[in-house]
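Coordinates from work_38.txt are shown below (compact mmCIF, C-alpha atoms and all ligand atoms).
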```txt
# COMPACT_ATOMS: atom_id res chain seq x y z
CA MET A 1000 0.00 0.00 0.00
CA LEU A 1001 1.15 3.52 -0.82
CA LYS A 1002 0.40 5.92 2.03
CA VAL A 1003 0.75 9.68 1.84
CA ARG A 1004 0.22 11.55 5.10
CA ASN A 1005 0.20 15.29 5.71
CA LEU A 1006 2.26 15.98 2.62
CA GLU A 1007 3.48 19.53 2.22
CA VAL A 1008 5.79 20.72 -0.54
CA SER A 1009 7.18 24.21 -1.13
CA TYR A 1010 9.39 25.81 -3.74
CA GLY A 1011 11.14 28.56 -1.79
CA ASN A 1012 8.39 30.47 0.06
CA LYS A 1013 5.64 29.18 -2.17
CA ILE A 1014 3.61 26.30 -0.72
CA VAL A 1015 2.48 24.16 -3.65
CA LEU A 1016 0.94 21.18 -1.83
CA LYS A 1017 -0.40 20.98 1.73
CA ASP A 1018 -2.48 18.60 3.84
CA ILE A 1019 -2.44 15.92 1.17
CA ASN A 1020 -3.56 12.55 2.56
CA PHE A 1021 -4.41 9.37 0.67
CA SER A 1022 -3.59 5.71 0.32
CA VAL A 1023 -3.57 3.39 -2.67
CA SER A 1024 -3.50 -0.39 -2.27
CA SER A 1025 -2.43 -2.91 -4.88
CA ASN A 1026 -5.97 -3.44 -6.10
CA GLU A 1027 -6.59 0.27 -6.54
CA ILE A 1028 -5.89 2.85 -9.19
CA LEU A 1029 -5.77 6.48 -8.07
CA ALA A 1030 -6.57 9.17 -10.62
CA ILE A 1031 -5.12 12.60 -9.84
CA ILE A 1032 -6.91 15.48 -11.48
CA GLY A 1033 -6.32 19.19 -11.10
CA PRO A 1034 -5.86 22.36 -13.12
CA SER A 1035 -2.51 23.22 -14.61
CA GLY A 1036 -0.18 24.36 -11.84
CA ALA A 1037 -2.15 22.59 -9.08
CA GLY A 1038 0.84 20.44 -8.16
CA LYS A 1039 0.24 17.09 -9.95
CA THR A 1040 3.85 16.83 -11.15
CA THR A 1041 5.10 18.00 -7.78
CA LEU A 1042 3.11 15.24 -6.08
CA ILE A 1043 4.58 12.58 -8.39
CA LYS A 1044 8.10 13.99 -7.90
CA SER A 1045 7.62 13.84 -4.12
CA ILE A 1046 6.48 10.22 -4.27
CA VAL A 1047 9.54 9.17 -6.25
CA LYS A 1048 11.75 11.33 -4.02
CA LEU A 1049 13.00 13.69 -6.69
CA ILE A 1050 12.23 16.69 -4.47
CA PRO A 1051 12.23 17.30 -0.70
CA PHE A 1052 8.91 17.33 1.17
CA HIS A 1053 7.39 17.40 4.64
CA GLY A 1054 5.11 14.59 5.79
CA GLU A 1055 5.23 10.86 5.24
CA ILE A 1056 5.24 8.83 2.07
CA GLU A 1057 5.48 5.07 2.55
CA LEU A 1058 5.21 2.11 0.26
CA ASN A 1059 4.34 -1.15 2.00
CA ASN A 1060 5.23 0.41 5.37
CA HIS A 1061 8.68 1.56 4.29
CA GLU A 1062 10.07 4.81 3.03
CA ILE A 1063 10.51 4.61 -0.72
CA ASP A 1064 14.07 3.66 -1.64
CA LEU A 1065 14.60 3.73 -5.40
CA GLY A 1066 17.48 1.27 -4.97
CA ILE A 1067 14.95 -1.32 -3.80
CA THR A 1068 11.53 -0.16 -4.99
CA THR A 1069 10.70 -0.64 -8.66
CA VAL A 1070 8.74 2.31 -10.02
CA SER A 1071 7.48 2.32 -13.61
CA PHE A 1072 6.75 5.75 -15.01
CA VAL A 1073 4.96 6.27 -18.31
CA PRO A 1074 5.29 9.92 -19.39
CA GLN A 1075 2.96 11.77 -21.71
CA ASN A 1076 5.34 11.43 -24.69
CA TYR A 1077 5.97 7.74 -23.76
CA GLY A 1078 9.74 8.30 -23.40
CA LEU A 1079 10.86 5.73 -25.97
CA LEU A 1080 14.47 5.92 -27.15
CA PRO A 1081 14.33 6.62 -30.92
CA TRP A 1082 17.65 4.88 -31.65
CA LYS A 1083 16.50 1.59 -30.14
CA THR A 1084 13.95 -0.78 -31.65
CA VAL A 1085 10.62 -1.47 -29.97
CA GLU A 1086 11.98 -4.74 -28.57
CA GLN A 1087 15.21 -3.11 -27.33
CA ASN A 1088 13.23 -0.32 -25.67
CA ILE A 1089 11.22 -2.89 -23.73
CA TYR A 1090 14.23 -5.06 -22.85
CA LEU A 1091 16.09 -2.02 -21.59
CA ALA A 1092 13.85 -1.61 -18.53
CA SER A 1093 14.55 -5.18 -17.38
CA ARG A 1094 18.25 -4.87 -18.15
CA ILE A 1095 18.49 -1.74 -16.01
CA LYS A 1096 16.52 -3.41 -13.22
CA LYS A 1097 18.52 -6.63 -13.26
CA HIS A 1098 21.92 -5.11 -14.21
CA SER A 1099 22.40 -7.98 -16.65
CA ARG A 1100 21.47 -9.38 -20.03
CA LEU A 1101 18.10 -11.08 -20.23
CA SER A 1102 17.73 -14.85 -20.27
CA LYS A 1103 15.83 -16.61 -23.05
CA HIS A 1104 12.98 -17.22 -20.61
CA GLN A 1105 12.79 -13.53 -19.65
CA LYS A 1106 12.71 -12.55 -23.33
CA GLU A 1107 9.94 -15.08 -23.98
CA LYS A 1108 7.87 -13.59 -21.16
CA ILE A 1109 8.32 -10.11 -22.62
CA HIS A 1110 7.24 -11.36 -26.05
CA GLU A 1111 4.16 -12.95 -24.52
CA LEU A 1112 3.26 -9.55 -23.03
CA MET A 1113 3.95 -7.91 -26.41
CA ARG A 1114 1.59 -10.39 -28.08
CA GLU A 1115 -1.11 -9.62 -25.53
CA LEU A 1116 -0.67 -5.89 -26.14
CA LYS A 1117 -0.67 -6.54 -29.89
CA ILE A 1118 2.76 -5.06 -30.57
CA ASP A 1119 4.71 -8.29 -31.20
CA LYS A 1120 4.86 -7.63 -34.95
CA LEU A 1121 6.58 -4.29 -34.30
CA SER A 1122 9.60 -5.77 -32.49
CA LYS A 1123 12.24 -4.64 -34.97
CA LYS A 1124 10.71 -1.25 -35.80
CA PHE A 1125 12.01 2.03 -34.48
CA PRO A 1126 9.69 4.31 -32.45
CA ASN A 1127 9.59 7.01 -35.14
CA PHE A 1128 8.04 4.49 -37.54
CA ILE A 1129 5.10 3.40 -35.39
CA SER A 1130 1.83 5.18 -34.58
CA GLY A 1131 1.06 7.04 -31.36
CA GLY A 1132 -1.28 4.26 -30.23
CA GLN A 1133 1.42 1.65 -30.85
CA ALA A 1134 4.04 3.75 -29.04
CA GLN A 1135 1.70 4.02 -26.06
CA ARG A 1136 1.38 0.21 -25.93
CA VAL A 1137 5.16 -0.19 -26.23
CA ALA A 1138 5.56 2.16 -23.26
CA LEU A 1139 2.90 0.16 -21.43
CA ALA A 1140 4.70 -3.12 -22.17
CA ARG A 1141 7.98 -1.63 -21.00
CA SER A 1142 6.41 -0.42 -17.76
CA LEU A 1143 4.63 -3.72 -17.01
CA SER A 1144 7.52 -5.98 -18.05
CA ILE A 1145 9.45 -5.21 -14.87
CA SER A 1146 6.54 -6.05 -12.50
CA PRO A 1147 6.74 -2.68 -10.75
CA ASP A 1148 5.86 -2.05 -7.11
CA LEU A 1149 4.36 1.26 -8.22
CA LEU A 1150 3.05 2.21 -11.65
CA ILE A 1151 2.67 5.89 -12.57
CA PHE A 1152 1.04 7.27 -15.71
CA ASP A 1153 1.41 10.95 -16.51
CA GLU A 1154 -1.32 11.74 -19.05
CA ALA A 1155 -0.22 8.56 -20.83
CA PHE A 1156 -3.60 7.94 -22.48
CA SER A 1157 -4.46 11.58 -23.23
CA ALA A 1158 -3.01 12.09 -26.69
CA LEU A 1159 -4.70 9.08 -28.30
CA ASP A 1160 -7.69 9.44 -30.59
CA PRO A 1161 -10.92 8.02 -29.11
CA VAL A 1162 -10.95 4.65 -30.91
CA VAL A 1163 -7.27 3.91 -30.25
CA LYS A 1164 -7.69 5.15 -26.67
CA LYS A 1165 -10.51 2.72 -25.99
CA THR A 1166 -8.35 -0.19 -27.19
CA ALA A 1167 -5.41 1.03 -25.09
CA GLU A 1168 -7.63 1.31 -22.01
CA ARG A 1169 -9.03 -2.20 -22.53
CA LEU A 1170 -5.58 -3.72 -23.05
CA PHE A 1171 -4.24 -1.92 -19.99
CA LEU A 1172 -7.15 -3.02 -17.80
CA ASN A 1173 -6.79 -6.65 -18.96
CA GLN A 1174 -3.13 -6.63 -17.96
CA TRP A 1175 -3.76 -4.78 -14.71
CA ARG A 1176 -6.47 -7.24 -13.67
CA LYS A 1177 -4.08 -10.14 -14.28
CA ASN A 1178 -1.49 -8.50 -12.12
CA PRO A 1179 -2.93 -5.68 -10.00
CA THR A 1180 -0.32 -3.10 -9.05
CA ILE A 1181 -0.49 0.09 -7.01
CA THR A 1182 -1.22 2.58 -9.78
CA ILE A 1183 -1.40 6.36 -10.01
CA MET A 1184 -2.74 8.06 -13.07
CA VAL A 1185 -2.38 11.79 -13.62
CA THR A 1186 -5.04 12.95 -16.03
CA HIS A 1187 -7.03 16.01 -16.98
CA ASN A 1188 -9.65 13.81 -18.61
CA LEU A 1189 -12.64 13.17 -16.31
CA ASP A 1190 -13.95 10.34 -18.49
CA GLU A 1191 -10.58 8.58 -18.20
CA ALA A 1192 -10.54 9.16 -14.43
CA LEU A 1193 -13.99 7.58 -14.12
CA LYS A 1194 -13.19 4.55 -16.26
CA LEU A 1195 -9.66 3.81 -15.13
CA SER A 1196 -9.61 4.56 -11.44
CA THR A 1197 -11.05 3.25 -8.21
CA LYS A 1198 -10.50 6.53 -6.35
CA ILE A 1199 -9.91 10.11 -7.38
CA LEU A 1200 -7.79 12.88 -5.86
CA VAL A 1201 -8.96 16.33 -6.95
CA LEU A 1202 -6.20 18.89 -6.36
CA LYS A 1203 -7.31 22.43 -5.63
CA ASN A 1204 -5.66 25.68 -6.66
CA ASN A 1205 -4.69 26.35 -3.04
CA GLY A 1206 -2.55 23.20 -2.83
CA THR A 1207 -4.97 21.05 -0.84
CA GLY A 1208 -6.93 18.17 -2.29
CA ILE A 1209 -10.05 16.09 -1.79
CA ILE A 1210 -10.04 12.35 -2.14
CA MET A 1211 -13.19 10.52 -3.20
CA GLU A 1212 -14.20 7.03 -4.14
CA ASN A 1213 -14.93 6.70 -7.84
CA PRO A 1214 -18.73 7.11 -7.92
CA LEU A 1215 -19.13 4.95 -11.03
CA ILE A 1216 -20.50 1.51 -10.20
CA ASN A 1217 -18.91 -0.04 -13.26
CA LYS A 1218 -15.49 1.47 -12.63
CA LEU A 1219 -12.46 -0.15 -14.24
CA SER A 1220 -14.49 -0.90 -17.31
CA ASP A 1221 -13.64 0.15 -20.83
CA ASP A 1222 -17.27 -0.25 -21.80
CA TYR A 1223 -19.60 1.88 -19.72
CA SER A 1224 -22.25 2.27 -22.45
CA ASP A 1225 -24.72 0.20 -20.43
CA ASP A 1226 -24.02 2.02 -17.22
CA LYS A 1227 -27.00 4.33 -16.77
CA ASN A 1228 -25.10 5.89 -13.95
CA TYR A 1229 -22.23 7.07 -16.14
CA PHE A 1230 -23.50 10.50 -17.18
CA ASP A 1231 -24.71 11.25 -13.65
CA CYS A 1232 -21.26 10.40 -12.33
CA LEU A 1233 -19.54 12.45 -15.01
CA SER A 1234 -21.63 15.52 -14.19
CA PHE A 1235 -21.11 14.91 -10.46
CA LEU A 1236 -17.34 14.83 -10.99
CA GLN A 1237 -17.49 17.84 -13.30
CA LYS A 1238 -19.33 19.79 -10.57
CA GLU A 1239 -16.80 18.76 -7.92
CA VAL A 1240 -14.00 19.87 -10.19
CA ASP A 1241 -15.68 23.17 -11.12
CA ASP A 1242 -16.38 23.97 -7.44
CA THR A 1243 -12.90 22.93 -6.41
CA TRP A 1244 -11.02 24.78 -9.11
CA GLU A 1245 -12.98 27.98 -8.63
CA ASN A 1246 -12.10 28.21 -4.94
P1 LIG B 1301 0.92 20.62 -12.47
O1 LIG B 1301 1.72 19.39 -12.76
O2 LIG B 1301 -0.37 20.35 -11.76
O3 LIG B 1301 0.70 21.49 -13.68
P2 LIG B 1301 3.31 21.47 -11.05
O4 LIG B 1301 3.51 20.48 -9.98
O5 LIG B 1301 4.17 21.37 -12.25
O6 LIG B 1301 1.77 21.54 -11.45
O7 LIG B 1301 3.54 22.93 -10.46
C1 LIG B 1301 2.87 23.39 -9.31
C2 LIG B 1301 3.32 24.82 -9.02
O8 LIG B 1301 4.69 24.81 -8.62
C3 LIG B 1301 3.24 25.77 -10.20
O9 LIG B 1301 2.85 27.03 -9.75
C4 LIG B 1301 4.66 25.82 -10.73
O10 LIG B 1301 4.92 27.03 -11.36
C5 LIG B 1301 5.47 25.64 -9.47
N1 LIG B 1301 6.75 24.95 -9.70
C6 LIG B 1301 6.90 23.75 -10.26
N2 LIG B 1301 8.20 23.39 -10.29
C7 LIG B 1301 8.88 24.42 -9.71
C8 LIG B 1301 10.26 24.66 -9.42
N3 LIG B 1301 11.20 23.78 -9.73
N4 LIG B 1301 10.59 25.82 -8.85
C9 LIG B 1301 9.63 26.73 -8.52
N5 LIG B 1301 8.32 26.57 -8.73
C10 LIG B 1301 7.94 25.43 -9.33
```
If you took the structure in this file and wrote it as structure tokens, what would it be?
Ligand code: ADP
Amino acid sequence: MLKVRNLEVSYGNKIVLKDINFSVSSNEILAIIGPSGAGKTTLIKSIVKLIPFHGEIELNNHEIDLGITTVSFVPQNYGLLPWKTVEQNIYLASRIKKHSRLSKHQKEKIHELMRELKIDKLSKKFPNFISGGQAQRVALARSLSISPDLLIFDEAFSALDPVVKKTAERLFLNQWRKNPTITIMVTHNLDEALKLSTKILVLKNNGTGIIMENPLINKLSDDYSDDKNYFDCLSFLQKEVDDTWEN
């Protein structure tokens, strides 16, 4: 479980985050939403200890130690190395984690994941020669291939067109259900937050936040078309966000 207690972060005299409290267990996905400048990146940087903070951040009852804890981070631009093939990009994460070359068995497991994410035929291609949707799945495969203790997405589904996005969400959820991992998803997209999270942290302009259970009954579903509740939940969340961001 990831626990954040009384988190406060400042840059010089400016307090950016304060009184932030939440927990995320391995069968939960937390969506973080907030206006630009609300402190979403600062919160992620605090969790992975890139910046100093006050308060407590613990993963499975221990302070996060990046020498021991495996964190997978999927940035908005997917962060693939253009001079490495799709396959090499994915292998690289495991090679860095294990400090060694991969065994045949480890490579087979990665290729199984690539097949499931429907990118196995792209193995020898370079990132500049694949589509945005394919690059997103390569980044997803890379992040999942190392069985992380903590999985963080920074707007990693946002740039996809709606049809490709739906496929990406379904493939991600299938993988996540097979192997639930403590997951944090920064997004500005309320629809994505409703579909892909179990709880939602709404960050306010004043640096505080409110945490709420995802109101959607059918959460963690890529197909909500039958959920009569969906539009009610979307407008509920929209209202929360409007109220929160105004104040
Ligand atoms: P978000 O990711 O929600 O857009 P950030 O966490 O990037 O917000 O930024 C939160 C606030 O902190 C903003 O006002 C931003 O200008 C400020 N900020 C971010 N990084 C720094 C920094 N290194 N030094 C000073 N101020 C910063």
Fill in the blank from the handout: Between CA of Arg1141 (chain A) and CA of Lys1083 (chain A) lies a distance of 12.9 Å
Kindly compute an axis-aligned box around the listed atoms of ligand LIG 1301 (chain B), allowing 8 Å on each side, and express its centre and edge lengths in Å to one decimal as JSON.
```
{"center_x": 5.4, "center_y": 23.2, "center_z": -11.1, "size_x": 27.6, "size_y": 23.6, "size_z": 21.2}
```
Exercise for the section: Measuring atom to atom with all atoms listed in the file, identify which of A:Asn1020, A:Gln1133, A:Asn1205, A:Asn1127 is nearest to ligand LIG 1301 (chain B). Expected result: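 Between A:Asn1020, A:Gln1133, A:Asn1205, A:Asn1127, the residue approaching ligand LIG 1301 (chain B) most closely is A:Asn1205.
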Contact table chain A vs ligand LIG 1301 (chain B), cut-off 8 Å, shortest pair per residue, all atoms listed in the file, as JSON lines:
```
{"residue": "A:Ser1009", "atom": "CA", "partner": "B:LIG1301", "partner_atom": "O8", "distance": 7.9}
{"residue": "A:Tyr1010", "atom": "CA", "partner": "B:LIG1301", "partner_atom": "C9", "distance": 4.9}
{"residue": "A:Gly1011", "atom": "CA", "partner": "B:LIG1301", "partner_atom": "C9", "distance": 7.1}
{"residue": "A:Lys1013", "atom": "CA", "partner": "B:LIG1301", "partner_atom": "N5", "distance": 7.6}
{"residue": "A:Val1015", "atom": "CA", "partner": "B:LIG1301", "partner_atom": "C2", "distance": 5.5}
{"residue": "A:Gly1033", "atom": "CA", "partner": "B:LIG1301", "partner_atom": "O2", "distance": 6.1}
{"residue": "A:Pro1034", "atom": "CA", "partner": "B:LIG1301", "partner_atom": "O2", "distance": 6.0}
{"residue": "A:Ser1035", "atom": "CA", "partner": "B:LIG1301", "partner_atom": "O3", "distance": 3.8}
{"residue": "A:Gly1036", "atom": "CA", "partner": "B:LIG1301", "partner_atom": "O6", "distance": 3.5}
{"residue": "A:Ala1037", "atom": "CA", "partner": "B:LIG1301", "partner_atom": "O2", "distance": 3.9}
{"residue": "A:Gly1038", "atom": "CA", "partner": "B:LIG1301", "partner_atom": "O4", "distance": 3.2}
{"residue": "A:Lys1039", "atom": "CA", "partner": "B:LIG1301", "partner_atom": "O2", "distance": 3.8}
{"residue": "A:Thr1040", "atom": "CA", "partner": "B:LIG1301", "partner_atom": "O1", "distance": 3.7}
{"residue": "A:Thr1041", "atom": "CA", "partner": "B:LIG1301", "partner_atom": "O4", "distance": 3.7}
{"residue": "A:Leu1042", "atom": "CA", "partner": "B:LIG1301", "partner_atom": "O4", "distance": 6.5}
```
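If you count only C-alpha atoms and draw a sphere of 9 Å around (-16.8, 12.1, -11.7), the protein and nucleic acid residues inside it come out as Leu1189, Asp1190, Ala1192, Leu1193, Ile1199, Asn1213, Pro1214, Leu1215, Tyr1229, Phe1230, Asp1231, Cys1232, Leu1233, Ser1234, Phe1235, Leu1236, Gln1237, Lys1238, Glu1239 and Val1240 of chain A.
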Please produce a file of the residues just selected, as a PDB file, keeping the file's coordinate frame, where the atoms kept are C-alpha atoms.
```pdb
ATOM      1  CA  LEU A1189     -12.640  13.170 -16.310  1.00  0.00           C
ATOM      2  CA  ASP A1190     -13.950  10.340 -18.490  1.00  0.00           C
ATOM      3  CA  ALA A1192     -10.540   9.160 -14.430  1.00  0.00           C
ATOM      4  CA  LEU A1193     -13.990   7.580 -14.120  1.00  0.00           C
ATOM      5  CA  ILE A1199      -9.910  10.110  -7.380  1.00  0.00           C
ATOM      6  CA  ASN A1213     -14.930   6.700  -7.840  1.00  0.00           C
ATOM      7  CA  PRO A1214     -18.730   7.110  -7.920  1.00  0.00           C
ATOM      8  CA  LEU A1215     -19.130   4.950 -11.030  1.00  0.00           C
ATOM      9  CA  TYR A1229     -22.230   7.070 -16.140  1.00  0.00           C
ATOM     10  CA  PHE A1230     -23.500  10.500 -17.180  1.00  0.00           C
ATOM     11  CA  ASP A1231     -24.710  11.250 -13.650  1.00  0.00           C
ATOM     12  CA  CYS A1232     -21.260  10.400 -12.330  1.00  0.00           C
ATOM     13  CA  LEU A1233     -19.540  12.450 -15.010  1.00  0.00           C
ATOM     14  CA  SER A1234     -21.630  15.520 -14.190  1.00  0.00           C
ATOM     15  CA  PHE A1235     -21.110  14.910 -10.460  1.00  0.00           C
ATOM     16  CA  LEU A1236     -17.340  14.830 -10.990  1.00  0.00           C
ATOM     17  CA  GLN A1237     -17.490  17.840 -13.300  1.00  0.00           C
ATOM     18  CA  LYS A1238     -19.330  19.790 -10.570  1.00  0.00           C
ATOM     19  CA  GLU A1239     -16.800  18.760  -7.920  1.00  0.00           C
ATOM     20  CA  VAL A1240     -14.000  19.870 -10.190  1.00  0.00           C
TER      21      VAL A1240
END
```
Practice task
For CA of Val1070 (chain A) and CA of Ile1151 (chain A), determine how far apart the two atoms are, in Å to one decimal place.
Solution key: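 CA of Val1070 (chain A) sits 7.5 Å away from CA of Ile1151 (chain A).
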Which residues of region 1079-1102 of chain A sit at most 12 Å from region 1109-1114 of chain A, using only C-alpha atoms? Give each one's shortest atom pair and distance in Å (one decimal place), in chain and ascending residue order, as JSON lines.
```
{"residue": "A:Val1085", "atom": "CA", "partner": "A:Met1113", "partner_atom": "CA", "distance": 9.9}
{"residue": "A:Glu1086", "atom": "CA", "partner": "A:His1110", "partner_atom": "CA", "distance": 8.5}
{"residue": "A:Gln1087", "atom": "CA", "partner": "A:Ile1109", "partner_atom": "CA", "distance": 10.9}
{"residue": "A:Asn1088", "atom": "CA", "partner": "A:Ile1109", "partner_atom": "CA", "distance": 11.4}
{"residue": "A:Ile1089", "atom": "CA", "partner": "A:Ile1109", "partner_atom": "CA", "distance": 7.9}
{"residue": "A:Tyr1090", "atom": "CA", "partner": "A:Ile1109", "partner_atom": "CA", "distance": 7.8}
{"residue": "A:Leu1091", "atom": "CA", "partner": "A:Ile1109", "partner_atom": "CA", "distance": 11.3}
{"residue": "A:Ala1092", "atom": "CA", "partner": "A:Ile1109", "partner_atom": "CA", "distance": 10.9}
{"residue": "A:Ser1093", "atom": "CA", "partner": "A:Ile1109", "partner_atom": "CA", "distance": 9.5}
{"residue": "A:Leu1101", "atom": "CA", "partner": "A:Ile1109", "partner_atom": "CA", "distance": 10.1}
{"residue": "A:Ser1102", "atom": "CA", "partner": "A:Ile1109", "partner_atom": "CA", "distance": 10.8}
```
Exercise for the section: For CA of Leu1195 (chain A) and CA of Thr1182 (chain A), determine how far apart the two atoms are, in Å to one decimal place. Expected result: 10.1 Å
Practice task
May I have the protein, DNA and RNA residues with an atom at most 8 Å from (13.8, 8.6, -31.3), counting all atoms listed in the file in the file's coordinates, returned as a count of residues only?
Solution key: 8
Handout entry: Counting only C-alpha atoms, the residue of A:Gln1174, A:Gln1075, A:Thr1180, A:Thr1069 that sits nearest Lys1097 (chain A)
Key =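 Closest residue, counting only C-alpha atoms: A:Thr1069.
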N, CA, C and O atoms modelled onto region 1114-1133 of chain A, as an mmCIF file, in the frame of the given file:
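See result-v5.cif below for the written result:
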```cif
data_model
loop_
_atom_site.group_PDB
_atom_site.id
_atom_site.type_symbol
_atom_site.label_atom_id
_atom_site.label_comp_id
_atom_site.auth_asym_id
_atom_site.auth_seq_id
_atom_site.Cartn_x
_atom_site.Cartn_y
_atom_site.Cartn_z
ATOM 1 N N ARG A 1114 2.698 -9.780 -27.293
ATOM 2 C CA ARG A 1114 1.590 -10.390 -28.080
ATOM 3 C C ARG A 1114 0.252 -9.956 -27.500
ATOM 4 O O ARG A 1114 -0.653 -9.574 -28.228
ATOM 5 N N GLU A 1115 0.158 -9.990 -26.170
ATOM 6 C CA GLU A 1115 -1.110 -9.620 -25.530
ATOM 7 C C GLU A 1115 -1.458 -8.148 -25.785
ATOM 8 O O GLU A 1115 -2.621 -7.796 -25.891
ATOM 9 N N LEU A 1116 -0.420 -7.324 -25.877
ATOM 10 C CA LEU A 1116 -0.670 -5.890 -26.140
ATOM 11 C C LEU A 1116 -0.668 -5.581 -27.637
ATOM 12 O O LEU A 1116 -0.726 -4.414 -28.045
ATOM 13 N N LYS A 1117 -0.577 -6.642 -28.424
ATOM 14 C CA LYS A 1117 -0.670 -6.540 -29.890
ATOM 15 C C LYS A 1117 0.419 -5.642 -30.496
ATOM 16 O O LYS A 1117 0.166 -4.822 -31.389
ATOM 17 N N ILE A 1118 1.638 -5.808 -29.996
ATOM 18 C CA ILE A 1118 2.760 -5.060 -30.570
ATOM 19 C C ILE A 1118 3.895 -6.006 -30.959
ATOM 20 O O ILE A 1118 5.000 -5.555 -31.277
ATOM 21 N N ASP A 1119 3.639 -7.327 -30.924
ATOM 22 C CA ASP A 1119 4.710 -8.290 -31.200
ATOM 23 C C ASP A 1119 5.255 -8.157 -32.627
ATOM 24 O O ASP A 1119 6.429 -8.376 -32.872
ATOM 25 N N LYS A 1120 4.409 -7.733 -33.549
ATOM 26 C CA LYS A 1120 4.860 -7.630 -34.950
ATOM 27 C C LYS A 1120 5.736 -6.387 -35.178
ATOM 28 O O LYS A 1120 6.289 -6.191 -36.239
ATOM 29 N N LEU A 1121 5.811 -5.543 -34.151
ATOM 30 C CA LEU A 1121 6.580 -4.290 -34.300
ATOM 31 C C LEU A 1121 7.989 -4.399 -33.732
ATOM 32 O O LEU A 1121 8.738 -3.418 -33.734
ATOM 33 N N SER A 1122 8.345 -5.584 -33.247
ATOM 34 C CA SER A 1122 9.600 -5.770 -32.490
ATOM 35 C C SER A 1122 10.807 -5.038 -33.055
ATOM 36 O O SER A 1122 11.554 -4.407 -32.325
ATOM 37 N N LYS A 1123 10.991 -5.160 -34.366
ATOM 38 C CA LYS A 1123 12.240 -4.640 -34.970
ATOM 39 C C LYS A 1123 12.089 -3.219 -35.515
ATOM 40 O O LYS A 1123 13.001 -2.687 -36.127
ATOM 41 N N LYS A 1124 10.913 -2.629 -35.299
ATOM 42 C CA LYS A 1124 10.710 -1.250 -35.800
ATOM 43 C C LYS A 1124 11.269 -0.235 -34.813
ATOM 44 O O LYS A 1124 11.385 -0.512 -33.617
ATOM 45 N N PHE A 1125 11.553 0.945 -35.340
ATOM 46 C CA PHE A 1125 12.010 2.030 -34.480
ATOM 47 C C PHE A 1125 10.821 2.929 -34.114
ATOM 48 O O PHE A 1125 9.890 3.056 -34.912
ATOM 49 N N PRO A 1126 10.839 3.537 -32.921
ATOM 50 C CA PRO A 1126 9.690 4.310 -32.450
ATOM 51 C C PRO A 1126 9.173 5.366 -33.429
ATOM 52 O O PRO A 1126 7.978 5.625 -33.475
ATOM 53 N N ASN A 1127 10.072 5.960 -34.221
ATOM 54 C CA ASN A 1127 9.590 7.010 -35.140
ATOM 55 C C ASN A 1127 8.782 6.446 -36.293
ATOM 56 O O ASN A 1127 8.210 7.196 -37.077
ATOM 57 N N PHE A 1128 8.754 5.107 -36.418
ATOM 58 C CA PHE A 1128 8.040 4.490 -37.540
ATOM 59 C C PHE A 1128 6.800 3.729 -37.073
ATOM 60 O O PHE A 1128 6.303 2.858 -37.780
ATOM 61 N N ILE A 1129 6.336 4.026 -35.874
ATOM 62 C CA ILE A 1129 5.100 3.400 -35.390
ATOM 63 C C ILE A 1129 4.110 4.511 -35.012
ATOM 64 O O ILE A 1129 4.511 5.665 -34.833
ATOM 65 N N SER A 1130 2.835 4.149 -34.876
ATOM 66 C CA SER A 1130 1.830 5.180 -34.580
ATOM 67 C C SER A 1130 1.854 5.549 -33.086
ATOM 68 O O SER A 1130 2.461 4.841 -32.272
ATOM 69 N N GLY A 1131 1.143 6.620 -32.758
ATOM 70 C CA GLY A 1131 1.060 7.040 -31.360
ATOM 71 C C GLY A 1131 0.436 5.972 -30.475
ATOM 72 O O GLY A 1131 0.894 5.718 -29.359
ATOM 73 N N GLY A 1132 -0.605 5.312 -30.993
ATOM 74 C CA GLY A 1132 -1.280 4.260 -30.230
ATOM 75 C C GLY A 1132 -0.344 3.076 -29.983
ATOM 76 O O GLY A 1132 -0.331 2.483 -28.897
ATOM 77 N N GLN A 1133 0.459 2.760 -31.005
ATOM 78 C CA GLN A 1133 1.420 1.650 -30.850
ATOM 79 C C GLN A 1133 2.521 2.050 -29.863
ATOM 80 O O GLN A 1133 2.895 1.249 -29.000
#
```
